[in-house]
>>> print(open('coords08.cif').read())   # mmCIF, C-alpha atoms
data_entry
loop_
_atom_site.group_PDB
_atom_site.id
_atom_site.type_symbol
_atom_site.label_atom_id
_atom_site.label_comp_id
_atom_site.auth_asym_id
_atom_site.auth_seq_id
_atom_site.Cartn_x
_atom_site.Cartn_y
_atom_site.Cartn_z
ATOM 1 C CA MET C 1 8.606 -32.402 32.325
ATOM 2 C CA LYS C 2 6.284 -33.189 29.390
ATOM 3 C CA PHE C 3 3.875 -30.507 30.541
ATOM 4 C CA SER C 4 6.597 -27.828 30.600
ATOM 5 C CA LYS C 5 7.763 -28.722 27.058
ATOM 6 C CA ILE C 6 4.202 -28.533 25.751
ATOM 7 C CA PHE C 7 3.749 -25.232 27.542
ATOM 8 C CA LEU C 8 6.999 -23.886 26.041
ATOM 9 C CA ILE C 9 6.069 -24.984 22.501
ATOM 10 C CA ALA C 10 2.569 -23.549 22.851
ATOM 11 C CA GLY C 11 4.038 -20.304 24.169
ATOM 12 C CA LEU C 12 6.454 -19.996 21.247
ATOM 13 C CA LEU C 13 3.680 -20.708 18.746
ATOM 14 C CA PHE C 14 1.451 -18.114 20.406
ATOM 15 C CA PHE C 15 4.313 -15.584 20.310
ATOM 16 C CA GLN C 16 4.892 -16.183 16.602
ATOM 17 C CA LEU C 17 1.208 -15.906 15.752
ATOM 18 C CA ASN C 18 0.855 -12.638 17.611
ATOM 19 C CA PHE C 19 4.034 -10.933 16.471
ATOM 20 C CA ALA C 20 5.090 -12.400 13.150
ATOM 21 C CA GLN C 21 3.936 -10.252 10.277
ATOM 22 C CA GLU C 22 2.717 -11.791 7.058
ATOM 23 C CA LYS C 23 5.306 -12.028 4.295
ATOM 24 C CA ALA C 24 5.106 -9.296 1.662
ATOM 25 C CA GLU C 25 5.020 -11.829 -1.191
ATOM 26 C CA ASP C 26 2.051 -13.603 0.425
ATOM 27 C CA ILE C 27 0.172 -10.324 0.821
ATOM 28 C CA LEU C 28 0.775 -9.488 -2.829
ATOM 29 C CA LYS C 29 -0.294 -12.973 -4.007
ATOM 30 C CA LYS C 30 -3.552 -12.710 -2.036
ATOM 31 C CA ALA C 31 -4.252 -9.273 -3.479
ATOM 32 C CA LEU C 32 -3.573 -10.450 -7.049
ATOM 33 C CA THR C 33 -5.879 -13.441 -6.572
ATOM 34 C CA GLU C 34 -8.625 -11.211 -5.176
ATOM 35 C CA ALA C 35 -8.122 -8.712 -8.012
ATOM 36 C CA LYS C 36 -8.446 -11.429 -10.634
ATOM 37 C CA ALA C 37 -11.637 -12.753 -9.044
ATOM 38 C CA GLY C 38 -13.108 -9.249 -8.778
ATOM 39 C CA ASN C 39 -11.941 -7.974 -12.174
ATOM 40 C CA LYS C 40 -9.970 -5.191 -10.470
ATOM 41 C CA ASN C 41 -6.411 -3.966 -10.285
ATOM 42 C CA VAL C 42 -4.193 -3.922 -7.200
ATOM 43 C CA LEU C 43 -3.175 -0.683 -5.520
ATOM 44 C CA LEU C 44 -0.052 -1.742 -3.639
ATOM 45 C CA MET C 45 1.001 0.734 -0.960
ATOM 46 C CA PHE C 46 4.350 0.668 0.810
ATOM 47 C CA HIS C 47 4.070 2.594 4.067
ATOM 48 C CA ALA C 48 5.307 2.895 7.649
ATOM 49 C CA SER C 49 3.711 3.716 10.992
ATOM 50 C CA TRP C 50 5.824 6.880 11.423
ATOM 51 C CA CYS C 51 5.027 8.274 7.951
ATOM 52 C CA LYS C 52 2.711 11.291 8.171
ATOM 53 C CA TRP C 53 2.106 11.320 4.409
ATOM 54 C CA CYS C 54 1.231 7.617 4.461
ATOM 55 C CA HIS C 55 -1.483 8.342 7.023
ATOM 56 C CA ILE C 56 -2.807 11.267 4.978
ATOM 57 C CA MET C 57 -2.896 9.128 1.817
ATOM 58 C CA GLU C 58 -4.790 6.367 3.594
ATOM 59 C CA LYS C 59 -7.203 8.875 5.145
ATOM 60 C CA ASN C 60 -7.896 10.483 1.762
ATOM 61 C CA MET C 61 -8.534 7.097 0.160
ATOM 62 C CA ASN C 62 -10.966 6.133 2.925
ATOM 63 C CA LEU C 63 -13.170 9.219 2.988
ATOM 64 C CA PRO C 64 -16.889 8.576 2.402
ATOM 65 C CA GLU C 65 -16.618 10.131 -1.070
ATOM 66 C CA THR C 66 -13.467 8.254 -2.146
ATOM 67 C CA LYS C 67 -13.608 4.846 -0.461
ATOM 68 C CA PRO C 68 -16.367 3.539 -2.775
ATOM 69 C CA VAL C 69 -14.332 4.670 -5.799
ATOM 70 C CA PHE C 70 -11.147 2.933 -4.666
ATOM 71 C CA ASP C 71 -13.064 -0.167 -3.521
ATOM 72 C CA LYS C 72 -14.813 -0.431 -6.896
ATOM 73 C CA LYS C 73 -11.613 -0.204 -8.927
ATOM 74 C CA PHE C 74 -8.903 -1.692 -6.721
ATOM 75 C CA VAL C 75 -7.885 -4.283 -4.226
ATOM 76 C CA THR C 76 -5.853 -2.001 -1.988
ATOM 77 C CA THR C 77 -3.145 -3.680 0.036
ATOM 78 C CA TYR C 78 -0.415 -2.399 2.311
ATOM 79 C CA ILE C 79 3.157 -3.519 2.924
ATOM 80 C CA ASP C 80 4.876 -2.195 6.057
ATOM 81 C CA VAL C 81 8.512 -1.194 5.482
ATOM 82 C CA GLN C 82 11.266 1.013 6.932
ATOM 83 C CA GLU C 83 10.233 0.726 10.574
ATOM 84 C CA GLU C 84 12.764 1.316 13.338
ATOM 85 C CA GLY C 85 13.344 0.275 16.923
ATOM 86 C CA GLU C 86 10.441 -1.421 18.658
ATOM 87 C CA LYS C 87 8.244 -0.915 15.595
ATOM 88 C CA LYS C 88 10.551 -3.034 13.422
ATOM 89 C CA LYS C 89 8.247 -5.967 14.218
ATOM 90 C CA LEU C 90 5.489 -4.231 12.215
ATOM 91 C CA GLU C 91 7.401 -4.741 8.972
ATOM 92 C CA ASN C 92 6.293 -7.372 6.526
ATOM 93 C CA PRO C 93 9.217 -9.728 5.872
ATOM 94 C CA GLY C 94 10.474 -9.218 2.329
ATOM 95 C CA GLY C 95 8.769 -5.831 2.055
ATOM 96 C CA GLU C 96 11.951 -3.883 1.413
ATOM 97 C CA GLU C 97 13.031 -6.388 -1.236
ATOM 98 C CA LEU C 98 9.626 -6.172 -2.928
ATOM 99 C CA MET C 99 9.743 -2.377 -2.867
ATOM 100 C CA ASN C 100 13.270 -2.425 -4.288
ATOM 101 C CA ARG C 101 12.173 -4.777 -7.074
ATOM 102 C CA TYR C 102 9.775 -2.060 -8.205
ATOM 103 C CA LYS C 103 12.494 0.618 -8.097
ATOM 104 C CA GLY C 104 11.263 2.097 -4.833
ATOM 105 C CA LYS C 105 14.505 1.692 -2.885
ATOM 106 C CA ASP C 106 15.223 5.406 -2.491
ATOM 107 C CA ALA C 107 11.775 6.704 -3.407
ATOM 108 C CA GLY C 108 10.550 7.567 0.064
ATOM 109 C CA LEU C 109 7.112 6.822 1.470
ATOM 110 C CA PRO C 110 4.394 6.338 0.641
ATOM 111 C CA PHE C 111 5.430 4.489 -2.476
ATOM 112 C CA TRP C 112 2.638 2.922 -4.499
ATOM 113 C CA LEU C 113 2.032 0.859 -7.592
ATOM 114 C CA ILE C 114 -0.986 -0.114 -9.617
ATOM 115 C CA LEU C 115 -0.742 -3.687 -10.845
ATOM 116 C CA ASN C 116 -3.041 -5.688 -13.060
ATOM 117 C CA PRO C 117 -4.153 -9.120 -11.768
ATOM 118 C CA LYS C 118 -1.150 -10.703 -13.516
ATOM 119 C CA GLY C 119 1.188 -8.540 -11.425
ATOM 120 C CA GLU C 120 2.245 -6.275 -14.285
ATOM 121 C CA VAL C 121 2.858 -2.632 -13.378
ATOM 122 C CA LEU C 122 0.285 -0.310 -14.914
ATOM 123 C CA ALA C 123 1.378 2.794 -13.007
ATOM 124 C CA ASP C 124 3.717 3.801 -10.218
ATOM 125 C CA SER C 125 4.094 6.791 -7.953
ATOM 126 C CA PHE C 126 6.836 8.446 -10.001
ATOM 127 C CA ASN C 127 6.170 11.606 -11.994
ATOM 128 C CA ASP C 128 7.839 12.396 -15.341
ATOM 129 C CA LYS C 129 10.948 13.633 -13.493
ATOM 130 C CA LYS C 130 11.215 10.231 -11.723
ATOM 131 C CA GLU C 131 10.294 11.844 -8.390
ATOM 132 C CA ASN C 132 7.983 9.975 -6.037
ATOM 133 C CA LEU C 133 4.590 11.649 -5.772
ATOM 134 C CA GLY C 134 4.038 9.864 -2.485
ATOM 135 C CA CYS C 135 0.765 11.287 -1.241
ATOM 136 C CA PRO C 136 -0.163 13.850 -3.877
ATOM 137 C CA SER C 137 -1.051 17.208 -2.358
ATOM 138 C CA THR C 138 -0.304 19.970 -4.865
ATOM 139 C CA ALA C 139 -2.514 20.598 -7.883
ATOM 140 C CA GLU C 140 0.216 19.296 -10.197
ATOM 141 C CA GLU C 141 0.756 16.133 -8.143
ATOM 142 C CA VAL C 142 -2.980 15.462 -7.881
ATOM 143 C CA ASP C 143 -3.327 15.879 -11.657
ATOM 144 C CA VAL C 144 -0.537 13.331 -12.252
ATOM 145 C CA PHE C 145 -2.155 10.943 -9.745
ATOM 146 C CA ALA C 146 -5.573 11.366 -11.377
ATOM 147 C CA ALA C 147 -4.101 10.718 -14.841
ATOM 148 C CA LYS C 148 -2.488 7.513 -13.563
ATOM 149 C CA LEU C 149 -5.785 6.413 -12.006
ATOM 150 C CA LYS C 150 -7.727 7.206 -15.164
ATOM 151 C CA LYS C 151 -5.295 5.279 -17.358
ATOM 152 C CA SER C 152 -4.882 2.243 -15.116
ATOM 153 C CA ALA C 153 -8.397 1.901 -13.700
ATOM 154 C CA LYS C 154 -10.572 3.577 -16.310
ATOM 155 C CA MET C 155 -12.122 5.935 -13.792
ATOM 156 C CA ASP C 156 -14.865 8.216 -15.059
ATOM 157 C CA ASP C 157 -14.878 12.001 -14.596
ATOM 158 C CA ASN C 158 -17.080 11.916 -11.468
ATOM 159 C CA GLU C 159 -14.827 9.353 -9.771
ATOM 160 C CA LEU C 160 -11.714 11.327 -10.661
ATOM 161 C CA GLN C 161 -13.244 14.543 -9.388
ATOM 162 C CA ALA C 162 -14.049 12.920 -6.035
ATOM 163 C CA VAL C 163 -10.413 11.830 -5.744
ATOM 164 C CA ARG C 164 -9.106 15.233 -6.830
ATOM 165 C CA ASN C 165 -11.303 17.029 -4.300
ATOM 166 C CA ALA C 166 -10.220 14.752 -1.460
ATOM 167 C CA PHE C 167 -6.504 15.101 -2.171
ATOM 168 C CA MET C 168 -6.657 18.863 -2.677
ATOM 169 C CA LYS C 169 -8.172 19.461 0.771
ATOM 170 C CA LYS C 170 -5.690 20.921 3.196
ATOM 171 C CA ASN C 171 -4.826 18.146 5.647
#
>>> encode(input="coords08.cif", output="structure tokens")
Amino acid sequence: MKFSKIFLIAGLLFFQLNFAQEKAEDILKKALTEAKAGNKNVLLMFHASWCKWCHIMEKNMNLPETKPVFDKKFVTTYIDVQEEGEKKKLENPGGEELMNRYKGKDAGLPFWLILNPKGEVLADSFNDKKENLGCPSTAEEVDVFAAKLKKSAKMDDNELQAVRNAFMKKN
């Protein structure tokens, strides 16, 4: 009897460790701590497994010519939201609430923010018309994205050009 209870408890613990996603607030706190230690800002990305534009954004940020730029300036962290069905387990608990706190409730995905190490918003993914840029892909969107990066992360012209080039490629 004792053995079966231990086995059951161990099984439940194993299940939780393998399937429970980290809380969104904990992810953000870790990123802010890392940003403070590294004298960087946080690029907080809300995304989902089904989101084509989320995958394109991540790919563009991880190209050989852009990854060093983003790594130098940001602690990039991801919060999984808006999953459905079997993939619901991929969501970070509290992710939707965190996204909503930053006015991303109806923004669509990807939705991103640039935060300083204190957690203050330096830039978000909205353009002047309050439309979500998501993954910028047009010349106008890429220019808005680049301006936000320049302002919030003090990127130089070469860094900005690498980002512009990557996001203007046809995906």
>>> resolve_selection(input="coords08.cif", expression="the PyMOL selection byres ((chain C and resi 79) around 6)", output="MDAnalysis selection string")
chainID C and resid 46 78 80
>>> resolve_selection(input="coords08.cif", expression="the PyMOL selection byres ((chain C and resi 154-171) around 12)", output="VMD selection string")
chain C and resid 40 to 41 52 to 53 55 to 74 122 134 to 153
>>> closest_residue(input="coords08.cif", among="C:Gln82, C:Asn92, C:Ser49, C:Asn116", to="Thr33 (chain C)", atoms="only C-alpha atoms")
C:Asn116
>>> resolve_selection(input="coords08.cif", expression="the PyMOL selection byres ((chain C and resi 42) around 6)", output="number ranges by chain")
C: 41, 43-44, 74-76, 114-115
>>> residues_around(input="coords08.cif", residues="Tyr102 (chain C)", least_positions_apart="3", cutoff="9 Å", atoms="all atoms listed in the file", output="list in words")
Glu97, Leu98, Met99, Lys105, Leu113, Val121 and Asp124 of chain C
>>> atom_distance(input="coords08.cif", atom1="CA of Phe126 (chain C)", atom2="CA of Leu28 (chain C)")
20.2 Å
>>> axis_aligned_box(input="coords08.cif", around="region 26-41 of chain C", padding_each_side="6 Å", output="AutoDock Vina command-line options")
--center_x -5.5 --center_y -8.8 --center_z -5.7 --size_x 27.2 --size_y 21.6 --size_z 25.0
>>> atom_distance(input="coords08.cif", atom1="CA of Ala107 (chain C)", atom2="CA of Gly94 (chain C)")
17.0 Å
>>> decode(input="coords08.cif", residues="region 8-80 of chain C", atoms="C-alpha atoms", output="PDB file, in the first residue's frame")
ATOM      1  CA  LEU C   8       1.200   7.688  -7.351  1.00  0.00           C
ATOM      2  CA  ILE C   9       2.723  10.822  -5.782  1.00  0.00           C
ATOM      3  CA  ALA C  10       5.914  10.425  -7.805  1.00  0.00           C
ATOM      4  CA  GLY C  11       3.849   9.944 -10.956  1.00  0.00           C
ATOM      5  CA  LEU C  12       1.811  13.093 -10.323  1.00  0.00           C
ATOM      6  CA  LEU C  13       4.956  15.110  -9.619  1.00  0.00           C
ATOM      7  CA  PHE C  14       6.570  13.797 -12.801  1.00  0.00           C
ATOM      8  CA  PHE C  15       3.419  14.687 -14.773  1.00  0.00           C
ATOM      9  CA  GLN C  16       3.412  18.236 -13.412  1.00  0.00           C
ATOM     10  CA  LEU C  17       7.100  18.755 -14.120  1.00  0.00           C
ATOM     11  CA  ASN C  18       6.752  17.571 -17.688  1.00  0.00           C
ATOM     12  CA  PHE C  19       3.540  19.341 -18.616  1.00  0.00           C
ATOM     13  CA  ALA C  20       3.136  22.385 -16.407  1.00  0.00           C
ATOM     14  CA  GLN C  21       4.339  25.504 -18.145  1.00  0.00           C
ATOM     15  CA  GLU C  22       6.165  28.207 -16.255  1.00  0.00           C
ATOM     16  CA  LYS C  23       4.012  31.108 -15.095  1.00  0.00           C
ATOM     17  CA  ALA C  24       4.167  34.207 -17.287  1.00  0.00           C
ATOM     18  CA  GLU C  25       4.973  36.465 -14.318  1.00  0.00           C
ATOM     19  CA  ASP C  26       7.927  34.236 -13.378  1.00  0.00           C
ATOM     20  CA  ILE C  27       9.264  34.329 -16.934  1.00  0.00           C
ATOM     21  CA  LEU C  28       9.025  38.115 -16.971  1.00  0.00           C
ATOM     22  CA  LYS C  29      10.712  38.450 -13.548  1.00  0.00           C
ATOM     23  CA  LYS C  30      13.621  36.260 -14.696  1.00  0.00           C
ATOM     24  CA  ALA C  31      14.014  38.292 -17.874  1.00  0.00           C
ATOM     25  CA  LEU C  32      13.972  41.600 -15.962  1.00  0.00           C
ATOM     26  CA  THR C  33      16.591  40.301 -13.524  1.00  0.00           C
ATOM     27  CA  GLU C  34      18.797  39.120 -16.388  1.00  0.00           C
ATOM     28  CA  ALA C  35      18.320  42.439 -18.205  1.00  0.00           C
ATOM     29  CA  LYS C  36      19.354  44.411 -15.138  1.00  0.00           C
ATOM     30  CA  ALA C  37      22.467  42.277 -14.666  1.00  0.00           C
ATOM     31  CA  GLY C  38      23.389  42.582 -18.349  1.00  0.00           C
ATOM     32  CA  ASN C  39      22.503  46.265 -18.767  1.00  0.00           C
ATOM     33  CA  LYS C  40      19.961  45.364 -21.461  1.00  0.00           C
ATOM     34  CA  ASN C  41      16.272  45.785 -22.107  1.00  0.00           C
ATOM     35  CA  VAL C  42      13.690  43.008 -22.361  1.00  0.00           C
ATOM     36  CA  LEU C  43      12.023  42.127 -25.647  1.00  0.00           C
ATOM     37  CA  LEU C  44       8.862  40.391 -24.463  1.00  0.00           C
ATOM     38  CA  MET C  45       7.138  38.387 -27.189  1.00  0.00           C
ATOM     39  CA  PHE C  46       3.631  36.980 -26.910  1.00  0.00           C
ATOM     40  CA  HIS C  47       3.218  34.170 -29.425  1.00  0.00           C
ATOM     41  CA  ALA C  48       1.499  30.863 -30.180  1.00  0.00           C
ATOM     42  CA  SER C  49       2.521  27.615 -31.852  1.00  0.00           C
ATOM     43  CA  TRP C  50      -0.050  28.046 -34.658  1.00  0.00           C
ATOM     44  CA  CYS C  51       0.986  31.631 -35.495  1.00  0.00           C
ATOM     45  CA  LYS C  52       2.811  31.799 -38.835  1.00  0.00           C
ATOM     46  CA  TRP C  53       3.885  35.410 -38.264  1.00  0.00           C
ATOM     47  CA  CYS C  54       5.254  34.523 -34.827  1.00  0.00           C
ATOM     48  CA  HIS C  55       7.487  31.904 -36.443  1.00  0.00           C
ATOM     49  CA  ILE C  56       8.643  34.357 -39.114  1.00  0.00           C
ATOM     50  CA  MET C  57       9.436  36.995 -36.470  1.00  0.00           C
ATOM     51  CA  GLU C  58      11.452  34.517 -34.429  1.00  0.00           C
ATOM     52  CA  LYS C  59      13.271  33.275 -37.538  1.00  0.00           C
ATOM     53  CA  ASN C  60      14.163  36.828 -38.583  1.00  0.00           C
ATOM     54  CA  MET C  61      15.468  37.639 -35.107  1.00  0.00           C
ATOM     55  CA  ASN C  62      17.634  34.509 -35.079  1.00  0.00           C
ATOM     56  CA  LEU C  63      19.360  34.854 -38.438  1.00  0.00           C
ATOM     57  CA  PRO C  64      23.176  34.926 -38.308  1.00  0.00           C
ATOM     58  CA  GLU C  65      23.141  38.651 -39.129  1.00  0.00           C
ATOM     59  CA  THR C  66      20.448  39.632 -36.600  1.00  0.00           C
ATOM     60  CA  LYS C  67      20.844  37.285 -33.632  1.00  0.00           C
ATOM     61  CA  PRO C  68      24.033  39.002 -32.384  1.00  0.00           C
ATOM     62  CA  VAL C  69      22.267  42.378 -32.591  1.00  0.00           C
ATOM     63  CA  PHE C  70      19.236  41.238 -30.601  1.00  0.00           C
ATOM     64  CA  ASP C  71      21.402  39.305 -28.118  1.00  0.00           C
ATOM     65  CA  LYS C  72      23.592  42.366 -27.521  1.00  0.00           C
ATOM     66  CA  LYS C  73      20.680  44.708 -26.847  1.00  0.00           C
ATOM     67  CA  PHE C  74      17.942  42.526 -25.375  1.00  0.00           C
ATOM     68  CA  VAL C  75      16.982  39.672 -23.160  1.00  0.00           C
ATOM     69  CA  THR C  76      14.380  38.154 -25.458  1.00  0.00           C
ATOM     70  CA  THR C  77      11.695  36.111 -23.766  1.00  0.00           C
ATOM     71  CA  TYR C  78       8.543  34.425 -24.987  1.00  0.00           C
ATOM     72  CA  ILE C  79       5.113  33.954 -23.436  1.00  0.00           C
ATOM     73  CA  ASP C  80       2.837  31.341 -25.022  1.00  0.00           C
TER      74      ASP C  80
END
